[in-house]
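> Next comes the structure file run_9.cif, holding mmCIF, C-alpha atoms.
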```
data_query
loop_
_atom_site.group_PDB
_atom_site.id
_atom_site.type_symbol
_atom_site.label_atom_id
_atom_site.label_comp_id
_atom_site.auth_asym_id
_atom_site.auth_seq_id
_atom_site.Cartn_x
_atom_site.Cartn_y
_atom_site.Cartn_z
ATOM 1 C CA MET F 23 142.847 147.665 95.182
ATOM 2 C CA LYS F 24 141.949 144.093 95.975
ATOM 3 C CA ALA F 25 140.280 141.922 93.361
ATOM 4 C CA PRO F 26 136.789 140.889 94.404
ATOM 5 C CA LEU F 27 136.462 137.315 95.598
ATOM 6 C CA SER F 28 134.740 135.146 93.057
ATOM 7 C CA GLN F 29 131.475 133.869 94.315
ATOM 8 C CA SER F 30 130.132 130.519 93.265
ATOM 9 C CA PRO F 31 126.882 130.751 91.380
ATOM 10 C CA ALA F 32 123.702 130.302 93.340
ATOM 11 C CA PRO F 33 122.361 126.757 93.132
ATOM 12 C CA SER F 34 119.597 126.338 90.611
ATOM 13 C CA ALA F 35 116.062 125.713 91.769
ATOM 14 C CA VAL F 36 116.168 122.224 90.244
ATOM 15 C CA ALA F 37 119.325 121.241 92.122
ATOM 16 C CA THR F 38 117.871 122.214 95.478
ATOM 17 C CA GLU F 39 114.607 120.413 94.770
ATOM 18 C CA SER F 40 116.148 117.046 93.922
ATOM 19 C CA PRO F 41 118.590 115.352 96.317
ATOM 20 C CA LEU F 42 119.470 112.838 93.588
ATOM 21 C CA LEU F 43 120.261 115.562 91.071
ATOM 22 C CA GLU F 44 122.276 117.408 93.697
ATOM 23 C CA GLN F 45 124.141 114.179 94.503
ATOM 24 C CA MET F 46 124.810 113.522 90.806
ATOM 25 C CA GLN F 47 126.131 117.051 90.330
ATOM 26 C CA ARG F 48 128.591 116.451 93.154
ATOM 27 C CA GLY F 49 129.596 113.310 91.285
ATOM 28 C CA GLN F 50 129.282 110.822 94.130
ATOM 29 C CA LEU F 51 126.623 108.611 92.559
ATOM 30 C CA LEU F 52 128.542 108.590 89.301
ATOM 31 C CA ALA F 53 131.803 107.613 91.005
ATOM 32 C CA ALA F 54 132.659 103.931 90.614
ATOM 33 C CA ALA F 55 133.443 103.500 94.312
ATOM 34 C CA CYS F 56 130.257 105.165 95.564
ATOM 35 C CA PRO F 57 128.442 102.771 97.941
ATOM 36 C CA SER F 58 125.061 104.062 96.811
ATOM 37 C CA ARG F 59 125.636 102.327 93.462
ATOM 38 C CA GLU F 60 125.212 98.912 95.087
ATOM 39 C CA VAL F 61 121.940 99.969 96.708
ATOM 40 C CA LEU F 62 120.801 101.433 93.384
ATOM 41 C CA LYS F 63 121.668 98.137 91.682
ATOM 42 C CA HIS F 64 119.734 96.127 94.284
ATOM 43 C CA MET F 65 116.638 98.328 94.223
ATOM 44 C CA THR F 66 116.424 98.856 90.492
ATOM 45 C CA SER F 67 117.269 95.363 89.347
ATOM 46 C CA ARG F 68 114.424 93.625 87.547
ATOM 47 C CA TRP F 69 113.580 91.501 90.580
ATOM 48 C CA GLY F 70 114.356 94.190 93.173
ATOM 49 C CA VAL F 71 111.723 96.502 91.741
ATOM 50 C CA LEU F 72 109.124 93.742 91.604
ATOM 51 C CA VAL F 73 109.848 92.520 95.157
ATOM 52 C CA LEU F 74 109.497 96.065 96.495
ATOM 53 C CA LEU F 75 106.208 96.511 94.644
ATOM 54 C CA VAL F 76 104.742 93.233 95.924
ATOM 55 C CA LEU F 77 105.889 93.751 99.515
ATOM 56 C CA GLU F 78 104.478 97.277 99.468
ATOM 57 C CA THR F 79 100.996 95.798 99.867
ATOM 58 C CA ARG F 80 101.624 93.397 102.772
ATOM 59 C CA MET F 81 103.878 90.769 104.323
ATOM 60 C CA HIS F 82 104.521 87.687 102.160
ATOM 61 C CA ARG F 83 106.033 84.251 102.524
ATOM 62 C CA PHE F 84 108.793 83.249 100.110
ATOM 63 C CA SER F 85 106.530 80.883 98.177
ATOM 64 C CA GLU F 86 103.868 83.607 97.822
ATOM 65 C CA LEU F 87 106.458 86.005 96.429
ATOM 66 C CA ARG F 88 107.675 83.386 93.975
ATOM 67 C CA ARG F 89 104.135 82.680 92.740
ATOM 68 C CA THR F 90 103.256 86.374 92.527
ATOM 69 C CA ILE F 91 106.405 87.454 90.650
ATOM 70 C CA ASP F 92 106.094 85.420 87.478
ATOM 71 C CA GLY F 93 109.383 84.271 85.969
ATOM 72 C CA VAL F 94 111.685 84.735 88.960
ATOM 73 C CA SER F 95 113.785 81.716 89.879
ATOM 74 C CA GLU F 96 114.063 80.557 93.473
ATOM 75 C CA ARG F 97 117.772 81.444 93.444
ATOM 76 C CA MET F 98 117.241 84.991 92.109
ATOM 77 C CA LEU F 99 114.406 85.676 94.522
ATOM 78 C CA ALA F 100 116.500 84.500 97.477
ATOM 79 C CA GLN F 101 119.465 86.612 96.338
ATOM 80 C CA THR F 102 117.286 89.696 95.779
ATOM 81 C CA LEU F 103 115.685 89.337 99.212
ATOM 82 C CA GLN F 104 119.138 89.001 100.805
ATOM 83 C CA TRP F 105 120.350 92.150 99.029
ATOM 84 C CA LEU F 106 117.291 94.153 100.045
ATOM 85 C CA GLU F 107 117.545 92.847 103.606
ATOM 86 C CA SER F 108 121.231 93.806 103.828
ATOM 87 C CA ASP F 109 120.332 97.300 102.562
ATOM 88 C CA GLY F 110 117.767 97.655 105.365
ATOM 89 C CA LEU F 111 114.777 97.682 103.021
ATOM 90 C CA VAL F 112 113.304 94.269 103.872
ATOM 91 C CA ASP F 113 112.805 92.462 107.181
ATOM 92 C CA ARG F 114 113.029 88.683 107.243
ATOM 93 C CA ILE F 115 110.922 87.200 110.031
ATOM 94 C CA ALA F 116 111.695 83.549 110.794
ATOM 95 C CA TYR F 117 109.271 81.738 113.112
ATOM 96 C CA ASP F 118 110.679 79.003 115.326
ATOM 97 C CA ILE F 119 108.267 76.289 114.258
ATOM 98 C CA VAL F 120 108.376 73.076 112.278
ATOM 99 C CA PRO F 121 108.210 73.231 109.317
ATOM 100 C CA PRO F 122 110.126 76.526 109.099
ATOM 101 C CA HIS F 123 107.993 79.562 108.409
ATOM 102 C CA VAL F 124 109.636 82.740 107.056
ATOM 103 C CA GLU F 125 107.919 85.939 106.045
ATOM 104 C CA TYR F 126 109.193 89.117 104.436
ATOM 105 C CA ARG F 127 107.989 92.689 104.873
ATOM 106 C CA LEU F 128 109.249 96.135 104.049
ATOM 107 C CA THR F 129 110.968 98.224 106.698
ATOM 108 C CA PRO F 130 109.963 101.899 106.972
ATOM 109 C CA LEU F 131 112.970 102.648 104.744
ATOM 110 C CA GLY F 132 111.748 99.978 102.335
ATOM 111 C CA GLN F 133 108.295 101.597 102.276
ATOM 112 C CA GLU F 134 109.917 104.876 101.214
ATOM 113 C CA ALA F 135 111.911 103.082 98.522
ATOM 114 C CA ALA F 136 108.826 101.206 97.289
ATOM 115 C CA GLU F 137 106.941 104.505 96.894
ATOM 116 C CA LYS F 138 109.742 105.854 94.689
ATOM 117 C CA VAL F 139 109.946 102.659 92.645
ATOM 118 C CA ARG F 140 106.155 102.609 92.331
ATOM 119 C CA GLY F 141 106.334 106.042 90.677
ATOM 120 C CA LEU F 142 108.763 104.699 88.083
ATOM 121 C CA ALA F 143 106.734 101.518 87.534
ATOM 122 C CA ASP F 144 103.506 103.531 87.166
ATOM 123 C CA TRP F 145 105.169 105.841 84.635
ATOM 124 C CA ILE F 146 106.396 102.835 82.634
ATOM 125 C CA GLU F 147 102.946 101.233 82.647
ATOM 126 C CA THR F 148 101.122 104.411 81.591
ATOM 127 C CA SER F 149 103.775 105.280 78.996
ATOM 128 C CA LEU F 150 104.083 101.753 77.610
ATOM 129 C CA PRO F 151 102.123 102.418 74.378
ATOM 130 C CA ARG F 152 104.437 105.351 73.556
ATOM 131 C CA ILE F 153 107.526 103.346 74.534
ATOM 132 C CA LEU F 154 106.467 100.412 72.323
ATOM 133 C CA GLN F 155 105.766 102.794 69.436
ATOM 134 C CA ALA F 156 109.217 104.390 69.818
ATOM 135 C CA GLN F 157 110.856 100.948 69.944
ATOM 136 C CA ASP F 158 109.017 99.882 66.796
ATOM 137 C CA GLU F 159 110.043 103.073 64.974
ATOM 138 C CA ARG F 160 113.684 102.584 65.993
ATOM 139 C CA ARG F 161 113.624 98.952 64.824
ATOM 140 C CA LYS F 162 112.205 99.992 61.454
ATOM 141 C CA GLU F 163 114.816 102.741 61.090
ATOM 142 C CA ALA F 164 117.620 100.321 61.979
ATOM 143 C CA ALA F 165 116.270 97.697 59.584
ATOM 144 C CA GLY F 166 116.128 100.316 56.834
ATOM 145 C CA ARG F 167 119.720 101.366 57.481
ATOM 146 C CA THR F 168 120.851 97.744 57.577
ATOM 147 C CA SER F 169 119.142 96.797 54.309
ATOM 148 C CA GLU F 170 120.440 99.990 52.620
ATOM 149 C CA GLY F 171 123.941 99.186 53.844
ATOM 150 C CA LYS F 172 123.681 95.626 52.552
ATOM 151 C CA ARG F 173 122.411 96.839 49.159
ATOM 152 C CA ASP F 174 125.234 99.384 48.938
ATOM 153 C CA ALA F 175 127.842 96.799 49.917
ATOM 154 C CA SER F 176 126.438 94.246 47.457
ATOM 155 C CA ALA F 177 126.388 96.781 44.646
ATOM 156 C CA HIS F 178 129.959 97.782 45.447
ATOM 157 C CA LEU F 179 131.145 94.164 45.508
ATOM 158 C CA LEU F 180 129.326 93.356 42.284
ATOM 159 C CA ALA F 181 130.787 96.388 40.563
ATOM 160 C CA ALA F 182 134.276 95.602 41.807
ATOM 161 C CA GLY F 183 133.906 91.924 41.017
ATOM 162 C CA GLY F 184 132.605 92.671 37.553
ATOM 163 C CA ASN F 185 135.584 94.910 36.789
ATOM 164 C CA GLU F 186 138.022 92.303 38.063
ATOM 165 C CA ARG F 187 136.423 89.594 35.952
ATOM 166 C CA ARG F 188 136.524 91.801 32.849
ATOM 167 C CA ALA F 189 140.169 92.656 33.516
ATOM 168 C CA ALA F 190 141.033 88.974 34.002
ATOM 169 C CA ARG F 191 139.429 88.087 30.628
ATOM 170 C CA SER F 192 141.223 90.868 28.811
ATOM 171 C CA PRO F 193 144.025 89.524 26.611
ATOM 172 C CA ASN F 194 146.288 92.396 27.700
ATOM 173 C CA ALA F 195 145.787 91.777 31.443
ATOM 174 C CA GLU F 196 148.743 90.546 33.371
ATOM 175 C CA SER F 197 148.098 87.414 35.337
ATOM 176 C CA ASN F 198 149.591 86.302 38.616
ATOM 177 C CA TRP F 199 148.600 82.741 37.855
ATOM 178 C CA PRO F 200 151.369 80.371 36.798
ATOM 179 C CA THR F 201 151.324 79.537 33.112
#
```
Could you render the structure as structure tokens?

Amino acid sequence: MKAPLSQSPAPSAVATESPLLEQMQRGQLLAAACPSREVLKHMTSRWGVLVLLVLETRMHRFSELRRTIDGVSERMLAQTLQWLESDGLVDRIAYDIVPPHVEYRLTPLGQEAAEKVRGLADWIETSLPRILQAQDERRKEAAGRTSEGKRDASAHLLAAGGNERRAARSPNAESNWPT
């Protein structure tokens, strides 16, 4: 009698609903050499997210982007735009006029990406009070552990130091000091 062939388990409902989860289960996104990691890095970098969000509304010139995204340096903005352009998410439109005039807009693929990033950004904004509360609680817990550890270490050193000093003063204690 032949042994029955083992069948792989049916995919879970979650795995079939989420291409990212399915991809992660296959291990490609988690593999160091996976090309999607670079795109993920470009899109989810601090400036990548903000550029996608700003360009989601309309086309912008470089200087407008720089003014709108507070804190971004000219160099980082230029690099981020180049990354997103190379990934096919942003179009760079250069007009042949003097002075040069360049505008940036999202491609249809960039619009899709911006929608996904917008969901994450919206969740962060609406969850910010809870996130800040959790951060504060973790800081307080860490500070408590640190101060307890310092007190324990100090007490241990004092106790050890006190014993050593008493032993050194004892007339029967042997000394390593030259006499």
> Listed atoms of segment 96-101 of chain F, axis-aligned box, 6 Å per side: centre and edge lengths to one decimal in Å, as JSON?

```
{"center_x": 116.8, "center_y": 83.6, "center_z": 94.8, "size_x": 17.4, "size_y": 18.1, "size_z": 17.4}
```
> With a distance cut-off of 7 Å and all atoms listed in the file, select the neighbouring residues of segment 134-142 of chain F, excluding the residue or stretch itself and same-chain residues fewer than 6 positions from it, and output the selection as number ranges by chain.
F: 71, 74-75, 78
> Go ahead and dump the residues you just picked, C-alpha atoms, as a PDB file, keeping the file's coordinate frame.

```pdb
ATOM      1  CA  VAL F  71     111.723  96.502  91.741  1.00  0.00           C
ATOM      2  CA  LEU F  74     109.497  96.065  96.495  1.00  0.00           C
ATOM      3  CA  LEU F  75     106.208  96.511  94.644  1.00  0.00           C
ATOM      4  CA  GLU F  78     104.478  97.277  99.468  1.00  0.00           C
TER       5      GLU F  78
END
```
> Using atom CA of Val94 of chain F and atom CA of Trp69 of chain F as the two end points, give the distance in Å to one decimal.
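We find that atom CA of Val94 of chain F and atom CA of Trp69 of chain F lie 7.2 Å from each other.
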> Which residues, named as in the file, does the PyMOL selection byres ((chain F and resi 68) around 12) pick out? Answer as a ChimeraX atom specification.
/F:62-67,69-75,91-94,98-99,102,139,143
> Given the file shown, enumerate the residues that the PyMOL selection byres ((chain F and resi 111) around 6) captures and present them as a VMD selection string.
chain F and resid 106 to 107 109 to 110 112 128 to 129 131 to 132
> Which residues come within 9 Å of Arg80 of chain F, counting only C-alpha atoms, excluding same-chain residues fewer than 2 positions away, as number ranges by chain?
F: 76-78, 82, 126-128
> What is the distance, in Å and to one decimal place, between atom CA of Gln104 of chain F and atom CA of Val124 of chain F?
13.0 Å
> Between atom CA of Ser85 of chain F and atom CA of His123 of chain F, measure the distance and give it in Å to one decimal.
10.4 Å
> Just checking: using only C-alpha atoms, which residue out of F:Ser58, F:Thr148, F:Thr79, F:Gln50 ends up closest to Gln133 of chain F?
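Of F:Ser58, F:Thr148, F:Thr79, F:Gln50, the one nearest Gln133 of chain F is F:Thr79, counting only C-alpha atoms.
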